[in-house]
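S.K.: So that we are looking at the same thing, I have put the structure below in structure tokens.
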Amino acid sequence: MNAIQESLGRFSRAAQRLGHRLTHTFGPQPEWVKKKQVVDSEFDAAHGVETGGITELKRLQVAGDAQDSVPHIASDPDEFHSAMGALGIDHGRFTFVDIGAGKGRALLLAAKYGFKRIVGVEFARELVEVAQRNIHAARLSASTSILHQDATRYELPDEPVVQFMYNPFGGKTMATVARRTRASFDRNPRPLHVVYVVPKELDTWVQAGFVAEQRDHYAILRPAT
Ligand SMILES: C[S@@+](CC[C@H](N)C(=O)[O-])C[C@H]1O[C@@H](n2cnc3c(N)ncnc32)[C@H](O)[C@@H]1O
């Protein structure tokens, strides 16, 4: 077997492993993956950015618990817009925070809503670097930034917040994030909407003191008062 065949073999085994993992995480995948590839290439070509693909985290420099995370996959634009529309808020009064921001697709999408500020929090260094390039390429204003940080250490700003999450991690990390989000609200009660896409750990948020409004593929959580 030559070197090229060996690499192809390695690639195909890795793709198979990823396929099993995605099937396990997101359900049966072929149609889903095909649709995603089309959406990714259209979005990236239209905006001159690189947000697509499925990126496993295990070879990346990660500032936290990669075992409790899923691979990087960017938000679907239609799903994102449907969730932002459902909030029924004046977006310009809010700071948008994407917990697990990846390559920054949601930050780019959020830019259309006139948020006061846009902040991404991402723990994989390589993805932060891609997101920084994308923010620059899309010429987003200085009010958009990305932090290289573990979500469990991030402090929400003391402002009205839309906290966005696209299935970034499992129950252990989510429990800490939900508890800290609730504590931030208790310290400073303010308008706070959590948009959780593919809400696999919804119960964790309810247990932490949030009321859930479930939609098709996402949930909106607000602090129970
Ligand atoms: C499914 S991707 C979503 C990307 C982006 N939010 C979007 O909507 O396009 C989840 C992201 O969460 C990040 N992530 C997972 N665990 C994290 C943690 N503990 N702290 C910060 N980021 C994390 C992953 O590296 C990945 O980029």
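Identifiers in this document derive from the order of the structure tokens: chains are assigned A, B, ..., residues are numbered from 1 separately in each chain, and ligands are numbered from 1 in order of occurrence.
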Can you pull out every residue from segment 26-225 of chain A that DSSP, working from the backbone, puts in helix (DSSP H, G or I), and format the result as a ChimeraX atom specification?
M.R.: /A:26,30-47,66-68,77-86,91-93,105-113,125-137,151-153,171-187,202-207
S.K.: With only C-alpha atoms and all ligand atoms counted, collect every polymer residue having an atom within 8 Å of ligand 1; state the result as a ChimeraX atom specification.
M.R.: /A:51,57,62-66,68-76,98-107,121-124,127,148-152,164-169,173
S.K.: Write a file of the selected residues as a short mmCIF file (atom, residue, chain, number, x, y, z; two decimals), in the first residue's frame, keeping N, CA and C atoms.
M.R.:
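Resulting contents of selection.cif:
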```
data_model
loop_
_atom_site.label_atom_id
_atom_site.label_comp_id
_atom_site.auth_asym_id
_atom_site.auth_seq_id
_atom_site.Cartn_x
_atom_site.Cartn_y
_atom_site.Cartn_z
N THR A 51 -16.72 29.28 7.48
CA THR A 51 -17.40 28.88 8.73
C THR A 51 -17.88 27.44 8.69
N LEU A 57 -12.78 18.15 17.79
CA LEU A 57 -12.00 18.99 18.70
C LEU A 57 -10.74 18.32 19.23
N VAL A 62 -7.43 23.04 23.31
CA VAL A 62 -8.71 23.35 23.95
C VAL A 62 -8.48 23.76 25.42
N ALA A 63 -9.10 24.87 25.83
CA ALA A 63 -8.92 25.37 27.19
C ALA A 63 -10.05 24.88 28.07
N GLY A 64 -10.24 23.56 28.15
CA GLY A 64 -11.34 23.06 28.97
C GLY A 64 -11.55 21.58 28.71
N ASP A 65 -12.78 21.10 28.96
CA ASP A 65 -13.08 19.67 28.90
C ASP A 65 -13.63 19.28 27.53
N ALA A 66 -12.73 18.85 26.63
CA ALA A 66 -13.16 18.48 25.26
C ALA A 66 -14.01 17.22 25.27
N ASP A 68 -16.50 16.58 26.98
CA ASP A 68 -17.93 16.89 27.19
C ASP A 68 -18.47 17.75 26.04
N SER A 69 -17.76 17.77 24.89
CA SER A 69 -18.16 18.65 23.79
C SER A 69 -18.50 17.84 22.55
N VAL A 70 -19.19 18.48 21.63
CA VAL A 70 -19.47 17.85 20.33
C VAL A 70 -18.58 18.54 19.29
N PRO A 71 -18.40 17.94 18.09
CA PRO A 71 -17.58 18.61 17.07
C PRO A 71 -18.16 19.96 16.69
N HIS A 72 -17.30 20.81 16.14
CA HIS A 72 -17.80 22.11 15.68
C HIS A 72 -18.62 21.95 14.42
N ILE A 73 -19.82 22.50 14.45
CA ILE A 73 -20.72 22.55 13.30
C ILE A 73 -21.38 23.91 13.37
N ALA A 74 -21.46 24.60 12.25
CA ALA A 74 -21.99 25.98 12.31
C ALA A 74 -23.51 25.99 12.27
N SER A 75 -24.08 27.04 12.82
CA SER A 75 -25.54 27.21 12.85
C SER A 75 -26.13 27.27 11.45
N ASP A 76 -27.33 26.76 11.33
CA ASP A 76 -28.08 26.91 10.09
C ASP A 76 -28.69 28.32 10.07
N ASP A 98 -22.54 34.44 22.17
CA ASP A 98 -22.60 33.05 21.67
C ASP A 98 -21.63 32.21 22.50
N ILE A 99 -22.19 31.29 23.29
CA ILE A 99 -21.37 30.42 24.14
C ILE A 99 -21.00 29.18 23.31
N GLY A 100 -19.72 29.06 23.00
CA GLY A 100 -19.27 28.01 22.07
C GLY A 100 -19.41 28.55 20.65
N ALA A 101 -18.63 29.60 20.36
CA ALA A 101 -18.87 30.39 19.14
C ALA A 101 -18.24 29.78 17.89
N GLY A 102 -17.34 28.82 18.07
CA GLY A 102 -16.75 28.13 16.92
C GLY A 102 -16.08 29.08 15.95
N LYS A 103 -16.42 28.91 14.66
CA LYS A 103 -15.80 29.74 13.62
C LYS A 103 -16.54 31.06 13.44
N GLY A 104 -17.54 31.30 14.27
CA GLY A 104 -18.17 32.62 14.30
C GLY A 104 -19.38 32.79 13.40
N ARG A 105 -19.95 31.69 12.88
CA ARG A 105 -21.12 31.84 11.99
C ARG A 105 -22.25 32.61 12.69
N ALA A 106 -22.57 32.24 13.94
CA ALA A 106 -23.69 32.90 14.63
C ALA A 106 -23.38 34.38 14.89
N LEU A 107 -22.11 34.70 15.08
CA LEU A 107 -21.74 36.11 15.29
C LEU A 107 -22.03 36.91 14.01
N VAL A 121 -17.68 33.30 22.74
CA VAL A 121 -16.82 32.64 23.73
C VAL A 121 -16.51 31.25 23.17
N GLU A 122 -15.23 30.97 22.97
CA GLU A 122 -14.86 29.70 22.34
C GLU A 122 -13.58 29.18 22.99
N PHE A 123 -13.56 27.87 23.29
CA PHE A 123 -12.39 27.36 24.02
C PHE A 123 -11.33 26.71 23.14
N ALA A 124 -11.58 26.52 21.84
CA ALA A 124 -10.57 25.91 20.96
C ALA A 124 -9.80 27.03 20.23
N LEU A 127 -10.12 27.50 16.45
CA LEU A 127 -11.42 28.01 16.00
C LEU A 127 -11.54 29.51 16.28
N HIS A 148 -11.11 33.80 23.79
CA HIS A 148 -10.64 32.42 23.91
C HIS A 148 -10.78 32.02 25.36
N GLN A 149 -11.86 31.33 25.68
CA GLN A 149 -12.17 31.05 27.08
C GLN A 149 -13.08 29.84 27.20
N ASP A 150 -12.95 29.14 28.31
CA ASP A 150 -13.88 28.05 28.61
C ASP A 150 -15.21 28.67 29.07
N ALA A 151 -16.30 28.12 28.56
CA ALA A 151 -17.62 28.65 28.88
C ALA A 151 -17.89 28.64 30.39
N THR A 152 -17.30 27.69 31.11
CA THR A 152 -17.60 27.58 32.55
C THR A 152 -16.94 28.70 33.35
N PHE A 164 -26.80 32.87 23.30
CA PHE A 164 -27.09 31.88 22.26
C PHE A 164 -26.21 30.65 22.48
N MET A 165 -26.76 29.47 22.24
CA MET A 165 -25.95 28.23 22.30
C MET A 165 -26.49 27.28 21.25
N TYR A 166 -25.60 26.76 20.43
CA TYR A 166 -25.99 25.71 19.49
C TYR A 166 -25.32 24.42 19.97
N ASN A 167 -26.05 23.66 20.72
CA ASN A 167 -25.63 22.36 21.25
C ASN A 167 -24.11 22.27 21.47
N PRO A 168 -23.56 23.13 22.35
CA PRO A 168 -22.10 23.18 22.42
C PRO A 168 -21.47 22.07 23.26
N PHE A 169 -22.16 21.61 24.30
CA PHE A 169 -21.54 20.63 25.21
C PHE A 169 -22.60 19.83 25.96
N THR A 173 -20.85 20.25 31.72
CA THR A 173 -20.50 21.65 31.44
C THR A 173 -21.76 22.51 31.46
#
```
S.K.: Restricting the calculation to only C-alpha atoms: of A:Val206, A:Thr55, A:Tyr154, A:Val195, which residue gets closest to Gly85 of chain A?
M.R.: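 When distances to Gly85 of chain A are compared using only C-alpha atoms, the smallest one comes from A:Val195.
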S.K.: For atom CA of Val198 of chain A and atom CA of Phe80 of chain A, determine how far apart the two atoms are, in Å to one decimal place.
M.R.: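 Between these atoms lies a distance of 11.5 Å.
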S.K.: Of the residues A:Tyr113, A:Phe96, A:Phe43, A:Phe210, which is the one nearest to Thr225 of chain A, using only C-alpha atoms?
M.R.: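 Of A:Tyr113, A:Phe96, A:Phe43, A:Phe210, the one nearest Thr225 of chain A, counting only C-alpha atoms, is A:Phe210.
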S.K.: Ranking A:Val130, A:Leu108, A:Ala208, A:Ala183 by minimum distance to Ala46 of chain A and counting only C-alpha atoms, which one comes first?
M.R.: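 Ranking A:Val130, A:Leu108, A:Ala208, A:Ala183 by distance to Ala46 of chain A, first place goes to A:Leu108.
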S.K.: Got a sec: who's within 12 Å of Pro189 of chain A, counting only C-alpha atoms, leaving out chain neighbours fewer than 5 positions off, as a VMD selection string?
M.R.: chain A and resid 157 to 161 181 to 184 222 to 225
S.K.: Mind writing the picked residues with C-alpha atoms as a compact mmCIF listing (two decimals), in the first residue's frame?
M.R.:
```
# COMPACT_ATOMS: atom_id res chain seq x y z
CA PRO A 157 -21.97 41.23 30.94
CA ASP A 158 -24.15 43.26 33.31
CA GLU A 159 -26.44 44.32 30.47
CA PRO A 160 -29.57 42.95 28.82
CA VAL A 161 -28.34 39.75 27.15
CA THR A 181 -26.15 32.26 34.15
CA ARG A 182 -28.81 32.10 36.85
CA ALA A 183 -26.39 33.51 39.46
CA SER A 184 -25.54 36.40 37.11
CA ARG A 222 -35.96 32.92 30.65
CA PRO A 223 -35.24 33.18 34.39
CA ALA A 224 -38.17 32.00 36.49
CA THR A 225 -39.23 34.83 38.81
```
S.K.: Report as number ranges by chain: the residues of segment 17-162 of chain A with a DSSP assignment of strand (DSSP E or B), based on the backbone of this structure.
M.R.: A: 55, 62, 69, 72, 95-99, 117-122, 124, 144-148, 161-162
S.K.: Residues at most 10 Å from Leu140 of chain A, counting only C-alpha atoms, excluding those fewer than 3 positions away in the same chain, as a VMD selection string?
M.R.: chain A and resid 107 to 108 111 118 134 to 137 143 to 145
S.K.: Would you write out those residues with N, CA and C atoms, as a CSV table (one decimal), in the first residue's frame?
M.R.:
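What landed in result21.csv:
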```csv
chain,number,residue,atom,x,y,z
A,107,LEU,N,-22.1,34.7,15.1
A,107,LEU,CA,-21.7,36.1,15.3
A,107,LEU,C,-22.0,36.9,14.0
A,108,LEU,N,-21.7,36.3,12.9
A,108,LEU,CA,-21.9,37.0,11.6
A,108,LEU,C,-23.4,37.1,11.3
A,111,ALA,N,-25.0,39.9,13.4
A,111,ALA,CA,-24.7,41.3,13.0
A,111,ALA,C,-25.8,42.0,12.3
A,118,ILE,N,-21.6,42.3,20.3
A,118,ILE,CA,-21.7,40.9,19.9
A,118,ILE,C,-20.4,40.2,20.5
A,134,ASN,N,-12.7,35.6,10.2
A,134,ASN,CA,-14.1,35.8,9.6
A,134,ASN,C,-14.7,37.2,10.0
A,135,ILE,N,-14.5,37.5,11.3
A,135,ILE,CA,-15.0,38.8,11.7
A,135,ILE,C,-14.4,39.9,10.9
A,136,HIS,N,-13.0,39.8,10.7
A,136,HIS,CA,-12.3,40.8,9.9
A,136,HIS,C,-12.8,40.8,8.4
A,137,ALA,N,-12.9,39.6,7.9
A,137,ALA,CA,-13.3,39.5,6.4
A,137,ALA,C,-14.7,40.0,6.2
A,143,SER,N,-17.6,46.5,17.6
A,143,SER,CA,-18.4,46.0,18.7
A,143,SER,C,-18.6,44.5,18.7
A,144,THR,N,-17.9,43.8,17.8
A,144,THR,CA,-17.9,42.4,17.7
A,144,THR,C,-16.6,41.8,18.1
A,145,SER,N,-16.6,40.8,19.1
A,145,SER,CA,-15.3,40.3,19.5
A,145,SER,C,-15.5,38.8,19.9
```
